[in-house]
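Undergrad: Input file: structure.txt. Contents: compact mmCIF, C-alpha atoms.
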# COMPACT_ATOMS: atom_id res chain seq x y z
CA MET H 19 83.53 106.65 92.21
CA THR H 20 84.47 103.00 92.09
CA ALA H 21 87.58 100.90 92.56
CA THR H 22 89.50 99.62 89.55
CA THR H 23 88.92 95.98 88.58
CA ASP H 24 89.78 95.82 84.86
CA HIS H 25 93.45 95.02 85.39
CA LYS H 26 95.17 91.81 84.31
CA CYS H 27 96.63 91.20 87.77
CA PHE H 28 93.30 91.30 89.59
CA THR H 29 90.96 88.30 89.42
CA GLN H 30 87.25 89.05 89.94
CA PRO H 31 84.68 86.74 91.58
CA ALA H 32 81.91 85.21 89.51
CA ASN H 33 79.38 86.72 91.91
CA LYS H 34 80.14 90.28 92.95
CA ASP H 35 77.28 90.18 95.47
CA GLU H 36 78.99 87.54 97.60
CA ARG H 37 79.48 88.51 101.22
CA ILE H 38 82.81 89.74 102.53
CA TRP H 39 83.90 90.15 106.13
CA ARG H 40 86.46 92.18 108.02
CA TYR H 41 87.30 90.89 111.52
CA MET H 42 88.88 93.28 114.00
CA GLY H 43 89.31 94.31 117.61
CA PHE H 44 87.12 96.94 119.26
CA ALA H 45 89.68 99.76 118.96
CA LYS H 46 90.08 99.26 115.19
CA PHE H 47 86.31 99.18 114.79
CA VAL H 48 85.91 102.48 116.63
CA SER H 49 88.65 103.98 114.45
CA LEU H 50 86.78 102.76 111.34
CA ILE H 51 83.46 104.35 112.24
CA ALA H 52 84.90 107.47 113.89
CA ASN H 53 87.12 108.31 110.91
CA ARG H 54 84.73 106.83 108.34
CA SER H 55 87.77 105.47 106.57
CA LEU H 56 89.22 102.13 105.55
CA PHE H 57 92.86 101.74 106.51
CA PHE H 58 95.25 100.45 103.87
CA CYS H 59 98.23 99.05 105.75
CA ARG H 60 101.74 99.38 104.34
CA SER H 61 102.42 95.94 102.88
CA ASP H 62 105.64 95.23 104.80
CA LEU H 63 103.67 95.56 108.06
CA LEU H 64 100.95 93.00 107.28
CA GLY H 65 102.70 90.27 109.27
CA ASP H 66 103.66 87.89 106.46
CA PRO H 67 107.40 88.15 105.60
CA PHE H 68 106.59 86.79 102.12
CA GLU H 69 104.45 89.84 101.20
CA GLY H 70 105.64 91.22 97.87
CA SER H 71 108.18 88.43 97.39
CA PHE H 72 108.64 85.90 94.58
CA PRO H 73 108.97 82.11 94.39
CA GLN H 74 112.39 80.51 94.03
CA LYS H 75 111.63 79.59 90.40
CA ASN H 76 111.43 83.29 89.55
CA VAL H 77 114.96 83.82 90.82
CA GLU H 78 116.26 80.86 88.83
CA LYS H 79 114.67 82.11 85.59
CA ARG H 80 115.67 85.79 85.83
CA PRO H 81 118.91 85.55 83.80
CA GLU H 82 116.92 84.12 80.87
CA VAL H 83 113.83 86.31 81.31
CA TYR H 84 115.73 89.60 81.37
CA LYS H 85 117.83 88.82 78.29
CA LYS H 86 115.21 90.64 76.23
CA ILE H 87 116.25 93.92 77.84
CA GLY H 88 119.85 93.47 76.73
CA LYS H 89 122.55 90.93 77.46
CA ASP H 90 124.87 93.61 78.80
CA LYS H 91 122.31 94.58 81.45
CA VAL H 92 121.29 91.11 82.66
CA ALA H 93 123.83 90.79 85.47
CA TYR H 94 123.06 94.28 86.77
CA LEU H 95 119.29 93.68 86.68
CA VAL H 96 119.47 90.29 88.38
CA ASP H 97 121.44 91.90 91.22
CA ALA H 98 119.24 95.01 91.47
CA ILE H 99 115.78 93.46 91.19
CA PRO H 100 115.54 91.92 94.71
CA GLY H 101 116.25 95.27 96.37
CA MET H 102 113.81 97.11 94.10
CA PHE H 103 110.97 94.72 94.81
CA LYS H 104 111.71 94.76 98.54
CA ARG H 105 111.58 98.59 98.61
CA GLN H 106 108.36 98.45 96.62
CA ARG H 107 106.60 97.05 99.69
CA LEU H 108 107.04 100.44 101.38
CA SER H 109 104.93 102.11 98.68
CA THR H 110 102.21 99.45 98.46
CA TYR H 111 99.18 99.59 100.75
CA VAL H 112 96.68 96.80 101.36
CA ASN H 113 93.19 96.47 102.82
CA CYS H 114 92.07 92.86 103.42
CA TRP H 115 88.67 91.14 103.60
CA HIS H 116 87.50 87.53 103.91
CA MET H 117 85.03 86.26 101.29
CA SER H 118 82.43 83.79 102.53
CA PRO H 119 78.63 83.43 102.55
CA HIS H 120 78.76 82.92 106.32
CA GLU H 121 80.83 83.67 109.42
CA SER H 122 84.13 81.90 109.93
CA ALA H 123 85.11 80.50 113.33
CA ALA H 124 88.73 80.39 112.11
CA MET H 125 88.70 84.07 111.18
CA TRP H 126 87.28 85.05 114.55
CA LYS H 127 90.19 83.24 116.22
CA LEU H 128 92.87 84.56 113.84
CA TYR H 129 91.95 88.22 113.69
CA SER H 130 90.32 88.95 117.02
CA LYS H 131 92.54 88.79 120.07
CA SER H 132 89.73 88.43 122.62
CA ASP H 133 86.00 87.95 123.04
CA GLU H 134 85.68 91.71 122.59
CA ALA H 135 85.94 91.70 118.80
CA ILE H 136 83.76 92.68 115.87
CA ALA H 137 83.13 91.60 112.28
CA VAL H 138 81.85 94.03 109.68
CA GLN H 139 79.87 92.29 106.92
CA SER H 140 79.56 93.78 103.45
CA THR H 141 79.59 92.53 99.85
CA TYR H 142 82.24 92.61 97.18
CA ARG H 143 80.13 94.95 95.05
CA ARG H 144 79.64 97.39 97.93
CA LEU H 145 83.39 97.48 98.61
CA LEU H 146 84.09 98.30 94.96
CA SER H 147 81.53 101.09 94.95
CA VAL H 148 82.95 103.00 97.95
CA LEU H 149 86.63 102.95 96.95
CA PRO H 150 88.27 105.43 94.56
CA PRO H 151 89.74 104.44 91.16
CA LYS H 152 93.26 104.50 92.59
CA ALA H 153 92.33 101.41 94.64
CA PHE H 154 92.61 98.13 92.70
CA VAL H 155 90.50 95.23 94.03
CA GLY H 156 90.57 91.49 93.39
CA LEU H 157 90.89 88.00 94.81
CA VAL H 158 94.17 86.71 96.21
CA LYS H 159 95.56 83.71 94.31
CA TYR H 160 97.26 80.94 96.29
CA ILE H 161 100.22 79.10 94.76
CA ASP H 162 103.08 76.77 95.63
CA TYR H 163 106.10 79.06 96.12
CA GLU H 164 108.46 76.12 95.65
CA LYS H 165 107.15 75.12 92.21
CA GLU H 166 105.28 78.00 90.54
CA THR H 167 106.23 81.46 89.26
CA ILE H 168 104.77 84.97 89.33
CA ASP H 169 104.82 87.49 86.49
CA GLU H 170 107.48 90.12 87.25
CA TRP H 171 106.44 92.63 84.60
CA ASN H 172 103.81 94.38 86.72
CA THR H 173 104.34 96.01 90.12
CA PHE H 174 101.03 94.64 91.44
CA SER H 175 101.87 91.00 90.66
CA PRO H 176 103.65 89.89 93.86
CA PHE H 177 100.91 91.43 96.01
CA VAL H 178 98.02 89.39 94.60
CA TYR H 179 99.62 86.03 95.42
CA LYS H 180 100.10 84.21 98.72
CA ARG H 181 101.34 80.79 99.76
CA ARG H 182 98.88 77.88 99.75
CA SER H 183 99.07 77.67 103.54
CA PHE H 184 96.87 80.81 103.61
CA GLU H 185 94.10 79.45 101.36
CA HIS H 186 91.67 79.29 104.27
CA GLU H 187 91.66 83.12 104.34
CA ARG H 188 89.84 83.39 100.98
CA GLU H 189 91.19 86.90 100.86
CA VAL H 190 89.86 89.87 98.93
CA ARG H 191 92.42 92.64 98.58
CA GLY H 192 92.21 96.33 97.91
CA ILE H 193 95.64 97.63 96.88
CA ILE H 194 96.93 101.16 96.42
CA GLN H 195 100.42 101.82 95.09
CA ASP H 196 102.14 105.16 95.47
CA LEU H 197 105.27 104.48 93.42
CA PRO H 198 107.73 107.09 92.15
CA PRO H 199 108.12 107.69 88.40
CA LYS H 200 109.63 104.81 86.43
CA ASP H 201 112.86 106.71 85.83
CA ASN H 202 113.30 106.93 89.60
CA ARG H 203 111.94 103.49 90.49
CA GLY H 204 115.21 102.53 92.18
CA GLU H 205 114.25 104.92 94.98
CA THR H 206 110.92 103.19 95.61
CA GLY H 207 109.84 103.14 99.22
CA LYS H 208 110.31 106.22 101.34
CA GLU H 209 109.00 105.17 104.72
CA ASP H 210 105.51 106.38 105.49
CA PRO H 211 105.46 107.50 109.16
CA LEU H 212 101.73 106.74 109.34
CA CYS H 213 102.35 103.14 108.18
CA GLY H 214 99.41 103.30 105.81
CA LYS H 215 96.69 105.31 104.12
CA SER H 216 93.18 106.08 105.38
CA ILE H 217 90.64 106.18 102.56
CA GLU H 218 87.37 107.91 103.37
CA VAL H 219 84.35 105.79 102.43
CA ASP H 220 80.56 105.83 102.70
CA LEU H 221 80.05 103.47 105.64
CA HIS H 222 76.27 103.52 105.27
CA HIS H 223 76.65 101.95 101.86
CA LEU H 224 79.60 99.69 102.73
CA ILE H 225 78.32 98.06 105.92
CA GLU H 226 75.37 95.69 105.80
CA ARG H 227 75.64 94.36 109.33
CA VAL H 228 77.90 94.45 112.40
CA TYR H 229 78.53 91.21 114.32
CA VAL H 230 79.88 90.95 117.86
CA ALA H 231 82.26 88.13 118.73
CA PRO H 232 81.02 84.74 119.90
CA THR H 233 81.12 84.17 123.68
CA SER H 234 81.13 87.94 124.34
CA GLY H 235 78.85 89.04 127.15
CA PRO H 236 75.51 90.85 126.75
CA TRP H 237 77.15 94.03 128.08
CA TYR H 238 79.49 94.02 125.10
CA SER H 239 76.65 93.84 122.58
CA ASN H 240 75.02 96.78 124.33
CA LEU H 241 78.26 98.74 124.25
CA VAL H 242 78.75 98.15 120.52
CA GLU H 243 75.14 99.17 119.89
CA GLU H 244 75.68 102.43 121.80
CA VAL H 245 78.92 103.20 119.97
CA VAL H 246 77.56 102.63 116.46
CA ARG H 247 74.53 104.80 117.18
CA LYS H 248 76.79 107.52 118.62
CA TYR H 249 78.64 107.68 115.32
CA GLY H 250 75.46 107.62 113.26
CA ILE H 251 75.70 104.05 112.00
CA THR H 252 72.18 102.66 111.59
CA GLN H 253 72.97 99.15 110.36
CA PRO H 254 71.95 96.34 112.73
CA VAL H 255 74.28 94.95 115.39
CA THR H 256 73.97 91.17 115.68
CA ARG H 257 75.47 88.55 117.95
CA SER H 258 77.61 85.98 116.19
CA SER H 259 75.62 82.99 114.95
CA LEU H 260 78.31 80.81 116.53
CA ASP H 261 76.65 81.61 119.86
CA GLU H 262 73.53 79.68 118.92
CA GLN H 263 72.74 76.78 121.20
CA PRO H 264 72.85 73.19 119.92
CA ILE H 265 69.58 71.29 119.60
CA TRP H 266 69.43 67.82 121.15
Translate the structure of the given file into structure tokens.
TA:
Amino acid sequence: MTATTDHKCFTQPANKDERIWRYMGFAKFVSLIANRSLFFCRSDLLGDPFEGSFPQKNVEKRPEVYKKIGKDKVAYLVDAIPGMFKRQRLSTYVNCWHMSPHESAAMWKLYSKSDEAIAVQSTYRRLLSVLPPKAFVGLVKYIDYEKETIDEWNTFSPFVYKRRSFEHEREVRGIIQDLPPKDNRGETGKEDPLCGKSIEVDLHHLIERVYVAPTSGPWYSNLVEEVVRKYGITQPVTRSSLDEQPIW
């Protein structure tokens, strides 16, 4: 079992053994290890209103681009496409990681709401190996949404791009799409009451190390240690390296 990577929309890193990180609060961490599942969030709930959207240049070029389908259908398509792509977000699920050889102070601040947070460290190769083929994995590409365009001929395309203002995230994405048949694509996006999909994974293979947030107290490290052992996780629990003392 391994995730799908040989897809034109998904860019792969030169080094698949590079470290990846997932920063989260304590409750989400407990959910991860208790359910032994990675949660793929419905894309419209990720927090970025631009998820699954297209640059302005795409809109301007649509009348010309869709001529190949038939001149008599161009006006209808140009009007229908925005709604179709917007509904598509309801059937697209995303799991996000940060790629970096070391911890990120910025990521701790962005994705942990308090000192009581956790980072799970893995590698890109390990993530691929624990996900099923229906999960597509690759690097997010960052572009200028005022000047560049995105290919509209694949349903994955708008979900592997983000605005340049997010470049610091160095995001790795796992994406699962649960779209209806093409002849019923206009009905894309029946709301999922669970707001996502939980994909069972082998945590012993996925997780290399668990880090506790910088500035958290010793009691918190002890608590995390107790919880991971309770759920049978044997990987080491480490304090954030950002807690190291300066040398004068």
Undergrad: Give me, as a Markdown table, each residue of region 162-194 of chain H that comes within 12 Å of region 31-53 of chain H, together with its shortest interatomic pair and the distance in Å at one decimal, counting all atoms listed in the file, with rows ordered by chain and rising residue number.
TA:
| residue | atom | partner | partner_atom | distance |
| --- | --- | --- | --- | --- |
| H:Glu187 | CA | H:Trp39 | CA | 10.6 |
| H:Arg188 | CA | H:Ile38 | CA | 9.6 |
| H:Glu189 | CA | H:Ile38 | CA | 9.0 |
| H:Val190 | CA | H:Ile38 | CA | 7.9 |
| H:Arg191 | CA | H:Ile38 | CA | 10.8 |
Undergrad: Between H:Gln195, H:Ser118, H:Ser234, H:Thr167, which one has atoms that come closest to Phe154 (chain H), using all atoms listed in the file?
TA: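 Comparing H:Gln195, H:Ser118, H:Ser234, H:Thr167 against Phe154 (chain H), the winner is H:Gln195.
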Undergrad: Of the candidates H:Leu224, H:Val246, H:Ala231, H:Val255, which shows the shortest atom-to-atom distance to Thr141 (chain H), using all atoms listed in the file?
TA: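 Selected residue with least distance to Thr141 (chain H): H:Leu224.
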Undergrad: Using only C-alpha atoms, I'd like a table of the residues in region 72-132 of chain H that come within 9 Å of region 175-181 of chain H; for each, show the closest atom pair and its distance in Å rounded to one decimal, ordered by chain and ascending number, as JSON lines.
TA:
{"residue": "H:Phe72", "atom": "CA", "partner": "H:Pro176", "partner_atom": "CA", "distance": 6.4}
{"residue": "H:Phe103", "atom": "CA", "partner": "H:Pro176", "partner_atom": "CA", "distance": 8.8}
{"residue": "H:Arg107", "atom": "CA", "partner": "H:Phe177", "partner_atom": "CA", "distance": 8.8}
{"residue": "H:Thr110", "atom": "CA", "partner": "H:Phe177", "partner_atom": "CA", "distance": 8.5}
{"residue": "H:Val112", "atom": "CA", "partner": "H:Phe177", "partner_atom": "CA", "distance": 8.7}
Undergrad: From the options H:Leu197, H:Val158, H:Leu128, H:Leu149, which residue's atoms come nearest to Met102 (chain H), counting only C-alpha atoms?
TA: H:Leu197
Undergrad: How many Å lie between CA of Ser109 (chain H) and CA of Asp196 (chain H), rounded to one decimal?
TA: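 It comes out at 5.2 Å.
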Undergrad: In Å to one decimal, how far is CA of Lys152 (chain H) from CA of Ile168 (chain H)?
TA: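 So the answer is 22.9 Å.
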Undergrad: What is the distance, in Å and to one decimal place, between CA of Cys59 (chain H) and CA of Glu185 (chain H)?
TA: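 Distance reported for this atom pair: 20.5 Å.
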Undergrad: Pick out the closest residue to Phe57 (chain H) from this set: H:Gln263, H:Ser216, H:Gln253, H:Ser71. Count only C-alpha atoms.
TA: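 Closest residue, counting only C-alpha atoms: H:Ser216.
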Undergrad: Name the closest residue to Gln106 (chain H) among the candidates H:Ile194, H:Val228, H:Ile136, H:Leu260; distances are taken between atoms, counting only C-alpha atoms.
TA: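 Selected residue with least distance to Gln106 (chain H): H:Ile194.
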Undergrad: Could you check which of H:His186, H:Lys86, H:Arg144, H:Lys159 is closest to Cys27 (chain H), using only C-alpha atoms?
TA: H:Lys159
Undergrad: Would you write out, as a Markdown table, a table of all residues in region 164-202 of chain H that have an atom no more than 12 Å from an atom of region 81-85 of chain H, listing for each the closest atom pair and the distance in Å to one decimal, considering all atoms listed in the file and ordering rows by chain and rising residue number?
TA:
| residue | atom | partner | partner_atom | distance |
| --- | --- | --- | --- | --- |
| H:Asp169 | CA | H:Val83 | CA | 10.5 |
| H:Glu170 | CA | H:Val83 | CA | 9.5 |
| H:Trp171 | CA | H:Val83 | CA | 10.3 |
Undergrad: Using only C-alpha atoms, find all polymer residues with an atom at most 12 Å away from the point (73.9, 85.0, 127.9); report them as a PyMOL selection string.
TA: chain H and resi 232-239+257+261-263
